[in-house]
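Worksheet for the structure shown next.
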Amino acid sequence: MAEEVKLFRTWSSPFALRIVWALKLKGIQYETIFEDISNKSPLLLQYNPVYKKVPVLVHNGKPVSESLVILEYIEDTWKQTPLLPEDPYERATARFWAKFVDDKLMPSIWHVFVTQGKEQDEAIPLAIENLNLIEEQLKGKKFFSGETIGLVDIAFGWMGNLISVLEMVTGLKLIDAEKFPLLQAWMQNLSDVQVIKENWPPHDKLVSKFQAIRETYLATGAPK
Amino acid sequence: MEKSDVKILGMRPSPFVNRVQYALNLKSIDYEFLEEKFGPKSELLLQSNPIHKKVPVFFHADNTICESLIIVQYIDEVWTSGPSILPSDPYDRAIARFWAAYVDDKWYPSIKEIRIAEGEEEKSTHIGKVVEGLALLEGAFIECSKGKSFFGGDSIGYLDIAFGSCLGWLKAVEKIANVKLLDEAKTPCLVGWAERFCSHDAVKDVMPKTETFLEVAKILKAKYRP
């Protein structure tokens, strides 16, 4: 049976970008359906009724939602270019840090991004602490997975590049080369990876978008 | 020497800790249970899980693993001779992972919110969320079980463990808040499944009684009282 793989995404969704990278790394042919979040398609709502979000991967008509779940599905289905190591303990470690990115690291950086003044000052130490924790994981390694990119690199990858957009918009330097030499080197190495650099959304467009997001949050107050 | 090689650091009324116990029981692996008491966190906990400082922490030989569902997957991948916890089909695995994450991220937090809610309106909102979630999970059960007894089919699997571990607190909160959450009229499949899960060999000696949860709820309430 001919394989049919579709990815529902937006041009900027960092979570969808994870899936783009995974599919391209494994050389999987797929069709992209770009969604307008302000006007979601009936198909998207049908495929992801619980969250109504992108990304959604549809493989031979069957939908999978939630980016980390999709990444595991891709890994289970297409065995070439593995994203996870074979050893169960190393797999558990990779899963732990991918989850840490989503549960702790991202929200703490986001919180710095959507606040200002005293609230922002108070948010910064937690973001820095979390960045320190992930910096530690790069000791002696080019990527979180070793010599080639894997699950954690893909999970954190978009932030690794988006950080420059957020820093520009807020005027704050979060990943300082002196304080985070390993993260700095990792970001450089990441941006040299073919599938990453070929699939990065346009920088200027990202800056405009995130500028607008920040302004909305500052005007209306960041929801918790 | 399996026994001393495998340890869980946890608290018995924690559903997240129970998950690890269910997984080990399914695989017939003996383990040592290191009790973490209520109150100030132990040195062992702070050292072995410095990032989250939470139970469960799982020790296997030289390996330390945190986060209950990650531990369950690890157990499944290490002890391959026992029954499988995750389904073998990639799509079934994705569905199980999706709903397990839903339970943790969206559904279970509302159970806790019912318990600690101040005022009827707040309580009502969270009750509504739990009931809504149960309707979704009823649908998930029909899809995953394919007519069999558990989400995992003939025996309990990943999603049974993830969701089933929350049943203890669900029943306790029903008593505390005087509300029926798991309702045969609304979610008949889940009611049947819950009974089967709680009486399963891997579960029945681990899941604490409702009285235990009620005691714990009192301790937690006293702890957080200003």
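Chain lettering (A, B, ...) mirrors the order of the structure tokens, residue numbering begins at 1 for each chain separately, and ligand numbering begins at 1 in order of display.
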Q. Using only C-alpha atoms, which residues sit within 12 Å of A:Leu138 once same-chain residues fewer than 2 positions away are excluded, as a list of chain:residue names?
A. A:Trp97, A:Leu131, A:Asn132, A:Leu133, A:Ile134, A:Glu135, A:Glu136, A:Gly140, A:Lys141, A:Lys142, A:Phe143, A:Phe144, A:Ser145, A:Gly146, A:Glu147, A:Val152, A:Asp153, A:Phe180, A:Pro181, A:Leu182, A:Leu183, A:Gln184, A:Ala185, A:Trp186, A:Met187
Tell me, counting only C-alpha atoms, for each residue of chain B within 7 Å of chain A, which pair of atoms is nearest and how far apart they are in Å to one decimal, in rows ordered by chain and increasing number, as a Markdown table.
| residue | atom | partner | partner_atom | distance |
| --- | --- | --- | --- | --- |
| B:Asn63 | CA | A:Tyr89 | CA | 7.0 |
| B:Ile70 | CA | A:Ala92 | CA | 5.9 |
| B:Tyr74 | CA | A:Pro88 | CA | 5.8 |
| B:Glu77 | CA | A:Pro88 | CA | 6.0 |
| B:Val78 | CA | A:Pro88 | CA | 6.4 |
| B:Pro90 | CA | A:Asp76 | CA | 5.6 |
| B:Tyr91 | CA | A:Tyr73 | CA | 6.9 |
| B:Ala94 | CA | A:Tyr73 | CA | 5.7 |
| B:Arg97 | CA | A:Val69 | CA | 6.3 |
| B:Phe98 | CA | A:Val69 | CA | 6.2 |
Q.
Env of stretch 9-18 of chain B: 6 Å cut, atoms = only C-alpha atoms, seq-sep filter 2 positions within chain, self excluded. Answer as an MDAnalysis selection string.
A. chainID B and resid 20:21 34:36 55:57 68 165:166
Using only C-alpha atoms, which protein or nucleic acid residues come within 12 Å of B:Trp169? Drop anything in the same chain fewer than 4 positions from it, and give the result as a JSON list (two decimals) with C-alpha atoms, in the first residue's frame.
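Result went into part07.json, see below:
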[["chain", "number", "residue", "atom", "x", "y", "z"],
["B", 13, "PRO", "CA", -0.61, 6.86, 48.34],
["B", 14, "SER", "CA", 1.04, 8.41, 45.28],
["B", 15, "PRO", "CA", -0.56, 7.23, 42.04],
["B", 16, "PHE", "CA", 2.70, 7.98, 40.23],
["B", 18, "ASN", "CA", 1.87, 3.02, 42.24],
["B", 108, "TYR", "CA", -5.65, 14.33, 36.85],
["B", 109, "PRO", "CA", -4.76, 17.90, 37.92],
["B", 110, "SER", "CA", -8.51, 18.63, 37.99],
["B", 111, "ILE", "CA", -9.04, 15.84, 40.52],
["B", 112, "LYS", "CA", -6.64, 17.56, 42.88],
["B", 113, "GLU", "CA", -8.32, 20.90, 42.20],
["B", 114, "ILE", "CA", -11.68, 19.50, 43.33],
["B", 115, "ARG", "CA", -10.11, 18.42, 46.59],
["B", 163, "PHE", "CA", -5.16, 6.14, 34.16],
["B", 164, "GLY", "CA", -5.93, 3.31, 36.58],
["B", 165, "SER", "CA", -3.41, 4.56, 39.11],
["B", 173, "VAL", "CA", -12.37, 12.81, 46.05],
["B", 174, "GLU", "CA", -15.89, 11.52, 45.31],
["B", 175, "LYS", "CA", -16.27, 11.02, 49.07],
["B", 176, "ILE", "CA", -14.56, 14.25, 50.10],
["B", 177, "ALA", "CA", -16.53, 16.42, 47.68],
["B", 181, "LEU", "CA", -17.56, 11.40, 39.11],
["B", 182, "LEU", "CA", -17.38, 7.91, 37.62],
["B", 207, "MET", "CA", -3.66, 0.40, 45.47],
["B", 208, "PRO", "CA", -4.33, 1.90, 48.89],
["B", 209, "LYS", "CA", -7.83, 1.79, 50.37],
["B", 210, "THR", "CA", -10.03, 4.87, 50.17],
["B", 211, "GLU", "CA", -9.56, 5.39, 53.93],
["B", 212, "THR", "CA", -5.83, 5.87, 53.38],
["B", 213, "PHE", "CA", -6.43, 8.60, 50.83],
["B", 214, "LEU", "CA", -8.90, 10.31, 53.16],
["B", 215, "GLU", "CA", -6.24, 10.32, 55.89],
["B", 216, "VAL", "CA", -3.68, 11.73, 53.48],
["B", 217, "ALA", "CA", -6.13, 14.40, 52.34]]
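For the choices B:Gln73, B:Ser48, B:Ser81, B:Ser155, the atom-to-atom distance to B:Arg19 is smallest for B:Gln73 when using only C-alpha atoms.
Atom to atom, atom CA of A:Pro125 and atom CA of A:Pro14 stand 23.9 Å apart.
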Q: If you run DSSP over the backbone, which residues in chain B end up strand (DSSP E or B)? Put them as a ChimeraX atom specification.
A: /B:6-10,32-35,57-60,63-66,150,153
Residues from last step as file, N, CA, C and O atoms, as a PDB file, in the first residue's frame:
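To be explicit, this is the file written out as again04.pdb:
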ATOM      1  N   VAL B   6      16.704  -3.667  42.491  1.00  0.00           N
ATOM      2  CA  VAL B   6      15.558  -2.880  42.027  1.00  0.00           C
ATOM      3  C   VAL B   6      14.866  -2.222  43.214  1.00  0.00           C
ATOM      4  O   VAL B   6      14.421  -2.914  44.121  1.00  0.00           O
ATOM      5  N   LYS B   7      14.827  -0.894  43.190  1.00  0.00           N
ATOM      6  CA  LYS B   7      14.207  -0.178  44.306  1.00  0.00           C
ATOM      7  C   LYS B   7      13.337   0.954  43.807  1.00  0.00           C
ATOM      8  O   LYS B   7      13.611   1.555  42.767  1.00  0.00           O
ATOM      9  N   ILE B   8      12.308   1.233  44.610  1.00  0.00           N
ATOM     10  CA  ILE B   8      11.476   2.401  44.336  1.00  0.00           C
ATOM     11  C   ILE B   8      11.548   3.299  45.564  1.00  0.00           C
ATOM     12  O   ILE B   8      11.357   2.838  46.686  1.00  0.00           O
ATOM     13  N   LEU B   9      11.794   4.575  45.325  1.00  0.00           N
ATOM     14  CA  LEU B   9      11.682   5.555  46.405  1.00  0.00           C
ATOM     15  C   LEU B   9      10.335   6.219  46.207  1.00  0.00           C
ATOM     16  O   LEU B   9      10.082   6.805  45.155  1.00  0.00           O
ATOM     17  N   GLY B  10       9.452   6.068  47.206  1.00  0.00           N
ATOM     18  CA  GLY B  10       8.128   6.643  46.987  1.00  0.00           C
ATOM     19  C   GLY B  10       7.272   6.716  48.217  1.00  0.00           C
ATOM     20  O   GLY B  10       7.716   6.385  49.320  1.00  0.00           O
ATOM     21  N   GLU B  32      12.523  -3.452  46.245  1.00  0.00           N
ATOM     22  CA  GLU B  32      12.533  -2.918  47.602  1.00  0.00           C
ATOM     23  C   GLU B  32      11.830  -1.566  47.574  1.00  0.00           C
ATOM     24  O   GLU B  32      12.069  -0.761  46.663  1.00  0.00           O
ATOM     25  N   PHE B  33      10.977  -1.339  48.550  1.00  0.00           N
ATOM     26  CA  PHE B  33      10.250  -0.060  48.600  1.00  0.00           C
ATOM     27  C   PHE B  33      10.867   0.799  49.684  1.00  0.00           C
ATOM     28  O   PHE B  33      10.864   0.447  50.854  1.00  0.00           O
ATOM     29  N   LEU B  34      11.403   1.924  49.261  1.00  0.00           N
ATOM     30  CA  LEU B  34      11.991   2.868  50.218  1.00  0.00           C
ATOM     31  C   LEU B  34      10.955   3.958  50.472  1.00  0.00           C
ATOM     32  O   LEU B  34      10.593   4.697  49.555  1.00  0.00           O
ATOM     33  N   GLU B  35      10.495   4.012  51.708  1.00  0.00           N
ATOM     34  CA  GLU B  35       9.395   4.930  52.019  1.00  0.00           C
ATOM     35  C   GLU B  35       9.879   6.359  52.207  1.00  0.00           C
ATOM     36  O   GLU B  35      10.737   6.646  53.039  1.00  0.00           O
ATOM     37  N   VAL B  57      11.197   7.727  42.428  1.00  0.00           N
ATOM     38  CA  VAL B  57      12.518   7.596  41.838  1.00  0.00           C
ATOM     39  C   VAL B  57      12.778   6.089  41.766  1.00  0.00           C
ATOM     40  O   VAL B  57      12.503   5.373  42.718  1.00  0.00           O
ATOM     41  N   PHE B  58      13.262   5.653  40.631  1.00  0.00           N
ATOM     42  CA  PHE B  58      13.459   4.228  40.402  1.00  0.00           C
ATOM     43  C   PHE B  58      14.944   3.933  40.306  1.00  0.00           C
ATOM     44  O   PHE B  58      15.675   4.631  39.599  1.00  0.00           O
ATOM     45  N   PHE B  59      15.379   2.924  41.049  1.00  0.00           N
ATOM     46  CA  PHE B  59      16.785   2.532  41.021  1.00  0.00           C
ATOM     47  C   PHE B  59      16.893   1.118  40.470  1.00  0.00           C
ATOM     48  O   PHE B  59      16.236   0.200  40.954  1.00  0.00           O
ATOM     49  N   HIS B  60      17.693   0.958  39.443  1.00  0.00           N
ATOM     50  CA  HIS B  60      17.939  -0.381  38.894  1.00  0.00           C
ATOM     51  C   HIS B  60      19.425  -0.490  38.632  1.00  0.00           C
ATOM     52  O   HIS B  60      19.954   0.188  37.744  1.00  0.00           O
ATOM     53  N   ASN B  63      21.457   2.513  37.631  1.00  0.00           N
ATOM     54  CA  ASN B  63      20.623   3.508  36.963  1.00  0.00           C
ATOM     55  C   ASN B  63      19.584   4.120  37.880  1.00  0.00           C
ATOM     56  O   ASN B  63      18.949   3.421  38.658  1.00  0.00           O
ATOM     57  N   THR B  64      19.435   5.441  37.778  1.00  0.00           N
ATOM     58  CA  THR B  64      18.398   6.164  38.520  1.00  0.00           C
ATOM     59  C   THR B  64      17.485   6.806  37.498  1.00  0.00           C
ATOM     60  O   THR B  64      17.970   7.509  36.602  1.00  0.00           O
ATOM     61  N   ILE B  65      16.193   6.544  37.596  1.00  0.00           N
ATOM     62  CA  ILE B  65      15.263   7.105  36.616  1.00  0.00           C
ATOM     63  C   ILE B  65      14.110   7.790  37.321  1.00  0.00           C
ATOM     64  O   ILE B  65      13.592   7.291  38.320  1.00  0.00           O
ATOM     65  N   CYS B  66      13.714   8.940  36.792  1.00  0.00           N
ATOM     66  CA  CYS B  66      12.609   9.712  37.359  1.00  0.00           C
ATOM     67  C   CYS B  66      11.502   9.888  36.327  1.00  0.00           C
ATOM     68  O   CYS B  66      11.727   9.681  35.137  1.00  0.00           O
ATOM     69  N   PHE B 150      -9.448  -4.443  28.938  1.00  0.00           N
ATOM     70  CA  PHE B 150      -8.617  -3.332  29.379  1.00  0.00           C
ATOM     71  C   PHE B 150      -8.226  -2.461  28.188  1.00  0.00           C
ATOM     72  O   PHE B 150      -8.359  -2.864  27.037  1.00  0.00           O
ATOM     73  N   GLY B 153      -6.071  -4.354  26.132  1.00  0.00           N
ATOM     74  CA  GLY B 153      -6.599  -5.586  25.542  1.00  0.00           C
ATOM     75  C   GLY B 153      -6.938  -6.603  26.621  1.00  0.00           C
ATOM     76  O   GLY B 153      -7.674  -6.298  27.557  1.00  0.00           O
TER      77      GLY B 153
END
(Q) Report as a PyMOL selection string all protein, DNA and RNA residues lying within 12 Å of stretch 138-140 of chain B, evaluated on only C-alpha atoms, omitting residues in the same chain fewer than 3 positions from it. (A) (chain A and resi 49-50) or (chain B and resi 92+95-100+102-103+131-135+143-147+150-152+159-160+163+182-194)
Q: Looking only at alpha helix (DSSP H) from DSSP on the backbone, list the matching residues of stretch 39-141 of chain A as an MDAnalysis selection string.
A: chainID A and resid 42:47 67:77 88:100 106:113 117:136
The selected residues should be written to file as an mmCIF file, in the first residue's frame (atoms: C-alpha atoms).
data_model
loop_
_atom_site.group_PDB
_atom_site.id
_atom_site.type_symbol
_atom_site.label_atom_id
_atom_site.label_comp_id
_atom_site.auth_asym_id
_atom_site.auth_seq_id
_atom_site.Cartn_x
_atom_site.Cartn_y
_atom_site.Cartn_z
ATOM 1 C CA PRO A 42 -12.670 21.047 9.696
ATOM 2 C CA LEU A 43 -10.058 18.354 9.022
ATOM 3 C CA LEU A 44 -7.795 19.575 11.800
ATOM 4 C CA LEU A 45 -10.699 19.663 14.232
ATOM 5 C CA GLN A 46 -11.637 16.160 13.171
ATOM 6 C CA TYR A 47 -8.094 14.831 13.509
ATOM 7 C CA SER A 67 4.621 16.503 19.186
ATOM 8 C CA LEU A 68 6.522 14.220 21.566
ATOM 9 C CA VAL A 69 3.972 11.451 20.942
ATOM 10 C CA ILE A 70 4.349 12.010 17.194
ATOM 11 C CA LEU A 71 8.146 11.817 17.463
ATOM 12 C CA GLU A 72 7.909 8.459 19.244
ATOM 13 C CA TYR A 73 5.441 7.263 16.596
ATOM 14 C CA ILE A 74 7.803 8.258 13.806
ATOM 15 C CA GLU A 75 10.626 6.481 15.622
ATOM 16 C CA ASP A 76 8.517 3.319 16.067
ATOM 17 C CA THR A 77 7.332 3.296 12.460
ATOM 18 C CA PRO A 88 16.889 1.525 27.741
ATOM 19 C CA TYR A 89 18.606 3.745 30.300
ATOM 20 C CA GLU A 90 19.862 6.152 27.645
ATOM 21 C CA ARG A 91 16.371 6.174 26.141
ATOM 22 C CA ALA A 92 14.865 7.008 29.531
ATOM 23 C CA THR A 93 17.398 9.813 29.949
ATOM 24 C CA ALA A 94 16.577 11.270 26.534
ATOM 25 C CA ARG A 95 12.847 11.114 27.266
ATOM 26 C CA PHE A 96 13.420 12.762 30.644
ATOM 27 C CA TRP A 97 15.212 15.745 29.120
ATOM 28 C CA ALA A 98 12.753 16.095 26.236
ATOM 29 C CA LYS A 99 9.965 16.270 28.824
ATOM 30 C CA PHE A 100 11.997 18.709 30.915
ATOM 31 C CA MET A 106 10.167 26.336 27.773
ATOM 32 C CA PRO A 107 7.565 27.714 30.184
ATOM 33 C CA SER A 108 10.277 29.434 32.241
ATOM 34 C CA ILE A 109 11.795 31.090 29.154
ATOM 35 C CA TRP A 110 8.350 31.971 27.853
ATOM 36 C CA HIS A 111 7.526 33.607 31.151
ATOM 37 C CA VAL A 112 10.542 35.896 30.795
ATOM 38 C CA PHE A 113 9.445 36.684 27.281
ATOM 39 C CA GLY A 117 9.832 45.082 34.778
ATOM 40 C CA LYS A 118 9.742 43.480 38.205
ATOM 41 C CA GLU A 119 7.801 40.437 37.046
ATOM 42 C CA GLN A 120 10.376 39.766 34.365
ATOM 43 C CA ASP A 121 13.259 40.295 36.799
ATOM 44 C CA GLU A 122 11.706 37.677 39.045
ATOM 45 C CA ALA A 123 11.204 35.247 36.152
ATOM 46 C CA ILE A 124 14.789 35.356 34.910
ATOM 47 C CA PRO A 125 16.544 33.314 37.651
ATOM 48 C CA LEU A 126 14.334 30.256 37.034
ATOM 49 C CA ALA A 127 14.975 30.396 33.281
ATOM 50 C CA ILE A 128 18.707 30.656 33.934
ATOM 51 C CA GLU A 129 18.589 27.762 36.398
ATOM 52 C CA ASN A 130 16.813 25.584 33.832
ATOM 53 C CA LEU A 131 19.254 26.597 31.108
ATOM 54 C CA ASN A 132 22.112 25.633 33.446
ATOM 55 C CA LEU A 133 20.584 22.208 33.947
ATOM 56 C CA ILE A 134 20.355 21.582 30.220
ATOM 57 C CA GLU A 135 23.845 23.029 29.616
ATOM 58 C CA GLU A 136 25.192 20.299 31.934
#
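A straight line drawn from atom CA of B:Ile161 to atom CA of B:Gly39 is 27.2 Å long.
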Q: Find the spatial neighbours of A:Pro55, counting only C-alpha atoms, within a cut-off of 6 Å - ignore same-chain residues fewer than 6 positions away - and output them as a PyMOL selection string.
A: chain A and resi 8-9+16
Would you mind exporting all heavy atoms of the selected residues as a tab-separated table (two decimals), in the first residue's frame?
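The file below, again_17.tsv, is the result:
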chain	number	residue	atom	x	y	z
A	8	PHE	N	-0.05	18.45	9.41
A	8	PHE	CA	-0.79	19.70	9.61
A	8	PHE	C	0.09	20.57	10.48
A	8	PHE	O	0.50	20.17	11.57
A	8	PHE	CB	-2.12	19.43	10.30
A	8	PHE	CG	-3.14	18.79	9.41
A	8	PHE	CD1	-3.06	17.46	9.07
A	8	PHE	CD2	-4.20	19.55	8.90
A	8	PHE	CE1	-4.00	16.87	8.22
A	8	PHE	CE2	-5.15	18.96	8.06
A	8	PHE	CZ	-5.05	17.63	7.72
A	9	ARG	N	0.37	21.78	9.98
A	9	ARG	CA	1.25	22.66	10.73
A	9	ARG	C	0.93	24.11	10.43
A	9	ARG	O	0.10	24.40	9.57
A	9	ARG	CB	2.71	22.37	10.35
A	9	ARG	CG	3.02	22.62	8.88
A	9	ARG	CD	4.49	22.48	8.56
A	9	ARG	NE	5.26	23.58	9.12
A	9	ARG	CZ	6.44	23.98	8.63
A	9	ARG	NH1	6.96	23.36	7.59
A	9	ARG	NH2	7.11	24.97	9.20
A	16	ALA	N	5.56	21.91	15.50
A	16	ALA	CA	5.44	21.29	14.17
A	16	ALA	C	6.81	21.14	13.54
A	16	ALA	O	7.09	20.16	12.84
A	16	ALA	CB	4.55	22.13	13.28
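Here atom CA of A:Ala22 stands at a distance of 18.1 Å from atom CA of A:Leu162.
Distances here use only C-alpha atoms; by that measure, the residue among B:Ile71, B:Ala101, B:Leu137, B:Ile219 closest to B:Ala23 is B:Ile71.
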